[in-house]
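Visitor: I have a structure I would like to understand better, so I am pasting it below and will then ask my questions one at a time.
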Amino acid sequence: MKLGSRLEEYIRHLRGERNASEHTVEAYVHDIVEFARLVRNSDESFDDWMSVDVEQARTFQMKLFEAGDCKRSQRRKLSALRSFFRFLQKTGRIENNPFTRLPPLKVERPLPKVMNLSQIDQLLAAIPAYWRNAVATGLAKTEEGAEFASARDRAMVEVIYSGGLRISEAVGLNHGDLDLASGVAKVRGKGKKERLAMIGRYAAAALQDYLGLCRERGWTGLPERPVFLNRFGKRLTARSFQRNLKSYLIAGGLPPDFTPHKLRHSFATHLLDNGADLRSVQELLGHENLSTTQIYTHISAERMRNVYDKAHPRAKK
């Protein structure tokens, strides 16, 4: 493929100064060449970038829309062109960047998937069922090991859902962070910011069961000791729990794309569904900005709309 000299310069810039991956370079070249073909009726050898104006930039955006590109794809391609013309501007090849004058293209954030209460119950029931089967089929080496893994992972699910924790926050808990008498845990979130997470009675009971098995193994609850342990007594990793969760989802007949973070989404959505105010949910989640929490109001509204559409005799148009 014979590329224009300016595009060749840009590729060297991406590889050398920006240390871009080959995948990124190929994507940028593809988007820039697409502009040349759609708007200038040329090929990859096009090199007359000085003559490109804002009207042609708008034409490119319109053609992407007419071609049925989703907003996310449109925004990525416009960003590639904007970056390329910024490079041309900095190197003195052009005076103005025509793509900076386009209005920003807003992309709607997809609503997070949540689990309903019956699905959470299914998941919790699937954990001991999975380990009973693992013992029966010889997948688990010992009954004691299966009992320990089952109790630990049930406690993990309960704690994440009870407090709206991220998986990294859950596996990062130490014994000194827990105050089961008060029903709270100190959590270290993004940016090492600390907050208090709620430990409800179901989560507290599951934790007590699990911690009892830890004590039987001689793993005492020193303040600095991790709460959630693997079979060797070391801190459980997020990857290990995610791998186990996938097995539980399959065993329970639940969608396999559910993740630990779906439990956090479910925590927030269920609170709002039951009348919690947005500011309180923001604090419980540890969100810095209220706008981040507001996505859950859209989920609640959509759920109410679905209930209404199914139940009201005059709801359907």
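Each chain in the structure tokens gets a letter, A, B and so on, in the order shown; residues start at 1 in every chain, and ligands are counted from 1 in the order they appear.
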Could you list, as an MDAnalysis selection string, every residue within 10 Å of segment 128-141 of chain A, counting only C-alpha atoms and ignoring same-chain residues fewer than 5 positions away?
Guide: chainID A and resid 123 146:151 153:154 244 247:252
Visitor: Write the residues of the selection above to a file with C-alpha atoms, as a PDB file, in the first residue's frame.
Guide:
```
ATOM      1  CA  LEU A 123     -26.002 -17.616  42.718  1.00  0.00           C
ATOM      2  CA  ALA A 146     -14.575 -27.813  49.404  1.00  0.00           C
ATOM      3  CA  GLU A 147     -16.355 -26.659  52.550  1.00  0.00           C
ATOM      4  CA  PHE A 148     -13.783 -23.899  53.034  1.00  0.00           C
ATOM      5  CA  ALA A 149     -13.976 -22.649  49.414  1.00  0.00           C
ATOM      6  CA  SER A 150     -17.769 -22.730  49.522  1.00  0.00           C
ATOM      7  CA  ALA A 151     -17.999 -20.730  52.742  1.00  0.00           C
ATOM      8  CA  ASP A 153     -16.995 -17.537  48.225  1.00  0.00           C
ATOM      9  CA  ARG A 154     -20.484 -17.260  49.710  1.00  0.00           C
ATOM     10  CA  ASN A 244     -14.750 -19.511  40.539  1.00  0.00           C
ATOM     11  CA  SER A 247     -18.233 -21.873  37.462  1.00  0.00           C
ATOM     12  CA  TYR A 248     -20.999 -20.950  39.912  1.00  0.00           C
ATOM     13  CA  LEU A 249     -22.913 -19.022  37.252  1.00  0.00           C
ATOM     14  CA  ILE A 250     -22.825 -21.994  34.900  1.00  0.00           C
ATOM     15  CA  ALA A 251     -23.810 -24.377  37.689  1.00  0.00           C
ATOM     16  CA  GLY A 252     -26.715 -22.136  38.670  1.00  0.00           C
TER      17      GLY A 252
END
```
Visitor: May I have the residues within 9 Å of Lys190 of chain A as a PyMOL selection string, using only C-alpha atoms and disregarding those fewer than 3 positions away in the same chain?
Guide: chain A and resi 169+193-194+286
Visitor: Could you please take those selected residues and save N, CA and C atoms as a PDB file, in the first residue's frame?
Guide:
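Generated output (selection17.pdb):
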```
ATOM      1  N   GLU A 169     -11.587  -4.220  46.132  1.00  0.00           N
ATOM      2  CA  GLU A 169     -11.821  -3.780  47.503  1.00  0.00           C
ATOM      3  C   GLU A 169     -12.116  -4.961  48.415  1.00  0.00           C
ATOM      4  N   LYS A 193      -8.595   5.980  48.366  1.00  0.00           N
ATOM      5  CA  LYS A 193      -9.551   6.697  49.204  1.00  0.00           C
ATOM      6  C   LYS A 193     -10.319   5.701  50.068  1.00  0.00           C
ATOM      7  N   GLU A 194     -10.484   6.049  51.325  1.00  0.00           N
ATOM      8  CA  GLU A 194     -11.164   5.155  52.252  1.00  0.00           C
ATOM      9  C   GLU A 194     -12.614   5.569  52.446  1.00  0.00           C
ATOM     10  N   GLY A 286     -18.692   5.222  46.924  1.00  0.00           N
ATOM     11  CA  GLY A 286     -17.389   5.879  46.878  1.00  0.00           C
ATOM     12  C   GLY A 286     -17.153   6.634  45.600  1.00  0.00           C
TER      13      GLY A 286
END
```
Visitor: List as number ranges by chain the protein and nucleic acid residues near His287 of chain A, meaning an atom at most 12 Å away when only C-alpha atoms are counted, but skip any in the same chain fewer than 5 places from it.
Guide: A: 164-166, 189-191, 193-195, 268, 278-282, 292-295
Visitor: Nearest residue to Leu207 of chain A out of A:Ala80, A:Leu285, A:Ile120, A:Val227, using only C-alpha atoms?
Guide: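 Smallest distance to Leu207 of chain A is found for A:Val227.
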Visitor: Which of these residues is nearest to Arg72 of chain A, using only C-alpha atoms: A:Val52, A:Ala126, A:Leu178, A:Leu105?
Guide: A:Leu105
Visitor: Identify, with DSSP run on backbone atoms, the residues in segment 90-130 of chain A assigned to helix (DSSP H, G or I), and express the list as a VMD selection string.
Guide: chain A and resid 90 98 to 101 117 to 130
Visitor: List every residue of segment 76-307 of chain A that DSSP, applied to the backbone, labels as strand (DSSP E), and write the result as a list in words.
Guide: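 Taking segment 76-307 of chain A and keeping strand (DSSP E) gives Leu178, Asp179, Val184, Ala185, Lys186, Val187, Arg188, Glu194, Arg195, Leu196, Ala197 and Met198 of chain A.
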Visitor: Which is closest to Glu158 of chain A among A:Leu124, A:Val39, A:Ile94, A:Ala67, if we use only C-alpha atoms?
Guide: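 Closest to Glu158 of chain A, using only C-alpha atoms: A:Leu124.
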Visitor: So how far away is atom CA of Asp179 of chain A from atom CA of Ala204 of chain A, in Å?
Guide: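 If I compute the distance from atom CA of Ala204 of chain A to atom CA of Asp179 of chain A, I get 9.7 Å.
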Visitor: Would you please work out which residue, of A:Asn97, A:Ser266, A:Glu144, A:Met156, is nearest to Glu216 of chain A when using only C-alpha atoms?
Guide: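 Under the stated criterion, the closest residue is A:Glu144.
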Visitor: I want to know what sits within 12 Å of Leu180 of chain A, based on only C-alpha atoms, with residues of the same chain fewer than 3 positions away left out; could you give that as number ranges by chain?
Guide: A: 159, 175-177, 183-186, 197-208, 211
Visitor: Please, could you write that set of residues out with C-alpha atoms as a PDB file, in the first residue's frame?
Guide:
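Output contents, as saved in out.pdb:
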```
ATOM      1  CA  VAL A 159     -19.985  -8.843  51.257  1.00  0.00           C
ATOM      2  CA  HIS A 175      -9.239  -8.235  59.591  1.00  0.00           C
ATOM      3  CA  GLY A 176      -8.496  -4.816  61.046  1.00  0.00           C
ATOM      4  CA  ASP A 177     -10.924  -3.323  58.512  1.00  0.00           C
ATOM      5  CA  GLY A 183     -21.843  -3.911  60.724  1.00  0.00           C
ATOM      6  CA  VAL A 184     -19.274  -1.864  58.809  1.00  0.00           C
ATOM      7  CA  ALA A 185     -15.980  -2.381  56.990  1.00  0.00           C
ATOM      8  CA  LYS A 186     -13.287   0.121  56.100  1.00  0.00           C
ATOM      9  CA  ALA A 197     -19.097  -0.035  53.597  1.00  0.00           C
ATOM     10  CA  MET A 198     -22.133  -1.653  55.183  1.00  0.00           C
ATOM     11  CA  ILE A 199     -22.045  -5.303  56.265  1.00  0.00           C
ATOM     12  CA  GLY A 200     -25.658  -6.463  56.499  1.00  0.00           C
ATOM     13  CA  ARG A 201     -26.829  -9.353  58.659  1.00  0.00           C
ATOM     14  CA  TYR A 202     -26.670 -11.928  55.840  1.00  0.00           C
ATOM     15  CA  ALA A 203     -23.135 -10.863  54.976  1.00  0.00           C
ATOM     16  CA  ALA A 204     -22.142 -10.839  58.661  1.00  0.00           C
ATOM     17  CA  ALA A 205     -23.524 -14.355  59.153  1.00  0.00           C
ATOM     18  CA  ALA A 206     -21.704 -15.656  56.065  1.00  0.00           C
ATOM     19  CA  LEU A 207     -18.481 -14.015  57.278  1.00  0.00           C
ATOM     20  CA  GLN A 208     -18.828 -15.590  60.720  1.00  0.00           C
ATOM     21  CA  LEU A 211     -14.016 -17.039  59.679  1.00  0.00           C
TER      22      LEU A 211
END
```
Visitor: For a quick check of understanding, using only C-alpha atoms, which of A:Ser21, A:Thr297, A:Ser45, A:Ser79 has the smallest distance to Glu8 of chain A?
Guide: A:Ser45
Visitor: Give me, please, the distance in Å between atom CA of Ile160 of chain A and atom CA of Pro260 of chain A, quoted to one decimal.
Guide: 7.6 Å
Visitor: So how far away is atom CA of Tyr210 of chain A from atom CA of Arg152 of chain A, in Å?
Guide: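 Distance between the two atoms: 5.4 Å.
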